[in-house]
Amino acid sequence: MQRSAPPAVPRSAPQAAPRSAPRSAPAAAPVPAQQYGWYQQAHGAGKKVYAIDPAQSLITVTVRRGGVLARLGHDHVVASRAISGFVAPDDGRADFQFRLDQMTVDEPALRRKAGLDTQPPAEAVEGTRRNMLGRVLEAERFPLVLLRARRVAGAMRLTVTLHGVSRDYVVPTRLERSAGGVTASGALTLLQTDFGIVPMSIMGGAMQVRDPLELTFRVVARAPGPRAGGG
């Protein structure tokens, strides 16, 4: 009889980076190695554990311009298509992550979906990547964004760890379950300053990036496939 393979735990899941000083006490940062180990144990105990399918999952963040010279700049959409992690639907929990340095910037289709009817030139896109990931988000120092979801009444409590700081949000979430997996989708707004991030500003604030980040997600998780040769 074939047996499904247990979910693979990343060999070297990094620890959460030291926190910046937020304006109020942040939630405790999750430790990926411990969180993923729970899913392996749950799978061994016969519980449903699904692995996130990065080919079907997407997180997008819309960043909007501000300031008196905002008309000279562009709004931007950054996205992650490399999400990894696990979901235990019967236990109402999920833990997943993505890397900042693997995010895309201003894919035309995603800009249209966000209601942005212009496409910045290539040099503007590259400048956005360089400034946002390097200067603002410090992707080399804080490469991972960690997300921990726990089911609460009618929604999900989502802990987001970004730039070394964790914040909790209650997010209305649409869940679609099938025989072989689950899909979760929703949206929330984050403030950069809540994570100790200073939004980019030039010319004395005449051109700036607004504090709110508009995040949408569609996370698809599927049951692991059978393992050949199982007893």
# chains A, B, ... in the order shown; residues from 1 in each chain; ligands from 1
>>> residues_around(residues="A:Ala94", least_positions_apart="3", cutoff="7 Å", atoms="only C-alpha atoms", output="PyMOL selection string")
chain A and resi 86-88+148-150
>>> write_last_selection(atoms="C-alpha atoms", output="PDB file, in the first residue's frame")
ATOM      1  CA  PHE A  86       2.253  24.316   5.678  1.00  0.00           C
ATOM      2  CA  VAL A  87      -1.436  24.325   6.526  1.00  0.00           C
ATOM      3  CA  ALA A  88      -3.328  22.120   9.007  1.00  0.00           C
ATOM      4  CA  ARG A 148       1.516  32.687  11.195  1.00  0.00           C
ATOM      5  CA  ALA A 149      -2.249  32.180  10.880  1.00  0.00           C
ATOM      6  CA  ARG A 150      -4.600  30.860  13.554  1.00  0.00           C
TER       7      ARG A 150
END
>>> closest_atom_pairs(of="stretch 66-111 of chain A", to="stretch 39-61 of chain A", cutoff="7 Å", atoms="only C-alpha atoms", output="CSV")
residue,atom,partner,partner_atom,distance
A:Val77,CA,A:Val61,CA,5.6
A:Val78,CA,A:Val61,CA,5.3
A:Ala79,CA,A:Thr60,CA,4.3
A:Ser80,CA,A:Ile59,CA,5.2
A:Arg81,CA,A:Leu58,CA,5.2
A:Ala82,CA,A:Pro54,CA,5.3
A:Ile83,CA,A:Pro54,CA,5.2
A:Ser84,CA,A:Ile52,CA,5.8
A:Gly85,CA,A:Ile52,CA,5.5
A:Phe86,CA,A:Ala51,CA,4.6
A:Val87,CA,A:Tyr50,CA,5.1
A:Ala88,CA,A:Val49,CA,4.7
A:Pro89,CA,A:Lys48,CA,7.0
A:Asp90,CA,A:Lys48,CA,6.9
>>> write_last_selection(atoms="C-alpha atoms", output="short mmCIF file (atom, residue, chain, number, x, y, z; two decimals), in the first residue's frame")
data_model
loop_
_atom_site.label_atom_id
_atom_site.label_comp_id
_atom_site.auth_asym_id
_atom_site.auth_seq_id
_atom_site.Cartn_x
_atom_site.Cartn_y
_atom_site.Cartn_z
CA VAL A 77 2.94 46.55 -7.05
CA VAL A 78 5.41 44.07 -5.61
CA ALA A 79 4.62 40.38 -5.42
CA SER A 80 5.84 37.04 -4.12
CA ARG A 81 5.38 33.85 -6.10
CA ALA A 82 7.79 31.83 -3.93
CA ILE A 83 5.75 31.15 -0.79
CA SER A 84 6.62 28.10 1.32
CA GLY A 85 5.02 26.57 4.39
CA PHE A 86 2.25 24.32 5.68
CA VAL A 87 -1.44 24.33 6.53
CA ALA A 88 -3.33 22.12 9.01
CA PRO A 89 -6.96 22.92 8.08
CA ASP A 90 -8.65 20.84 10.78
#
>>> select_by_dssp(residues="stretch 90-195 of chain A", states="alpha helix (DSSP H)", output="JSON, numbers by chain")
{"A": [108, 109, 110, 111, 112, 113, 122, 123, 124, 125, 126, 127, 128, 129]}
>>> write_last_selection(atoms="N, CA and C atoms", output="JSON list (two decimals), in the first residue's frame")
[["chain", "number", "residue", "atom", "x", "y", "z"],
["A", 108, "PRO", "N", 3.18, 43.73, -15.30],
["A", 108, "PRO", "CA", 2.08, 44.45, -15.95],
["A", 108, "PRO", "C", 0.70, 43.91, -15.59],
["A", 109, "ALA", "N", 0.54, 42.59, -15.57],
["A", 109, "ALA", "CA", -0.78, 42.00, -15.28],
["A", 109, "ALA", "C", -1.22, 42.34, -13.85],
["A", 110, "LEU", "N", -0.30, 42.34, -12.92],
["A", 110, "LEU", "CA", -0.64, 42.64, -11.53],
["A", 110, "LEU", "C", -0.94, 44.13, -11.34],
["A", 111, "ARG", "N", -0.26, 44.98, -12.12],
["A", 111, "ARG", "CA", -0.59, 46.42, -12.07],
["A", 111, "ARG", "C", -2.01, 46.65, -12.57],
["A", 112, "ARG", "N", -2.37, 45.99, -13.65],
["A", 112, "ARG", "CA", -3.73, 46.16, -14.18],
["A", 112, "ARG", "C", -4.76, 45.67, -13.16],
["A", 113, "LYS", "N", -4.47, 44.53, -12.52],
["A", 113, "LYS", "CA", -5.40, 43.98, -11.53],
["A", 113, "LYS", "C", -5.57, 44.92, -10.35],
["A", 122, "ALA", "N", 11.51, 50.73, -17.45],
["A", 122, "ALA", "CA", 12.36, 49.72, -16.82],
["A", 122, "ALA", "C", 13.29, 50.32, -15.77],
["A", 123, "GLU", "N", 13.82, 51.52, -16.03],
["A", 123, "GLU", "CA", 14.75, 52.12, -15.07],
["A", 123, "GLU", "C", 14.03, 52.51, -13.77],
["A", 124, "ALA", "N", 12.75, 52.89, -13.88],
["A", 124, "ALA", "CA", 11.98, 53.22, -12.68],
["A", 124, "ALA", "C", 11.69, 51.97, -11.86],
["A", 125, "VAL", "N", 11.40, 50.88, -12.57],
["A", 125, "VAL", "CA", 11.16, 49.60, -11.88],
["A", 125, "VAL", "C", 12.41, 49.15, -11.14],
["A", 126, "GLU", "N", 13.55, 49.24, -11.80],
["A", 126, "GLU", "CA", 14.80, 48.84, -11.17],
["A", 126, "GLU", "C", 15.12, 49.76, -9.99],
["A", 127, "GLY", "N", 14.86, 51.04, -10.13],
["A", 127, "GLY", "CA", 15.08, 51.96, -9.03],
["A", 127, "GLY", "C", 14.18, 51.65, -7.84],
["A", 128, "THR", "N", 12.94, 51.26, -8.11],
["A", 128, "THR", "CA", 12.02, 50.87, -7.05],
["A", 128, "THR", "C", 12.55, 49.64, -6.32],
["A", 129, "ARG", "N", 12.98, 48.64, -7.08],
["A", 129, "ARG", "CA", 13.54, 47.43, -6.46],
["A", 129, "ARG", "C", 14.73, 47.77, -5.58]]
>>> closest_residue(among="A:Thr118, A:Thr183, A:Thr173, A:Ser166", to="A:Val152", atoms="only C-alpha atoms")
A:Thr173
>>> closest_residue(among="A:Ala223, A:Val171, A:Met103, A:Leu215", to="A:Met132", atoms="only C-alpha atoms")
A:Met103
>>> atom_distance(atom1="atom CA of A:Pro172", atom2="atom CA of A:Gly154")
6.9 Å
>>> closest_residue(among="A:Asp211, A:Val220, A:Leu162, A:Val136", to="A:Ser185", atoms="only C-alpha atoms")
A:Val220
>>> atom_distance(atom1="atom CA of A:His76", atom2="atom CA of A:Ala155")
28.2 Å
>>> residues_around(residues="A:Pro199", least_positions_apart="4", cutoff="10 Å", atoms="only C-alpha atoms", output="PyMOL selection string")
chain A and resi 132+135-137+191-193+208-212
>>> atom_distance(atom1="atom CA of A:Ala221", atom2="atom CA of A:Val63")
27.1 Å
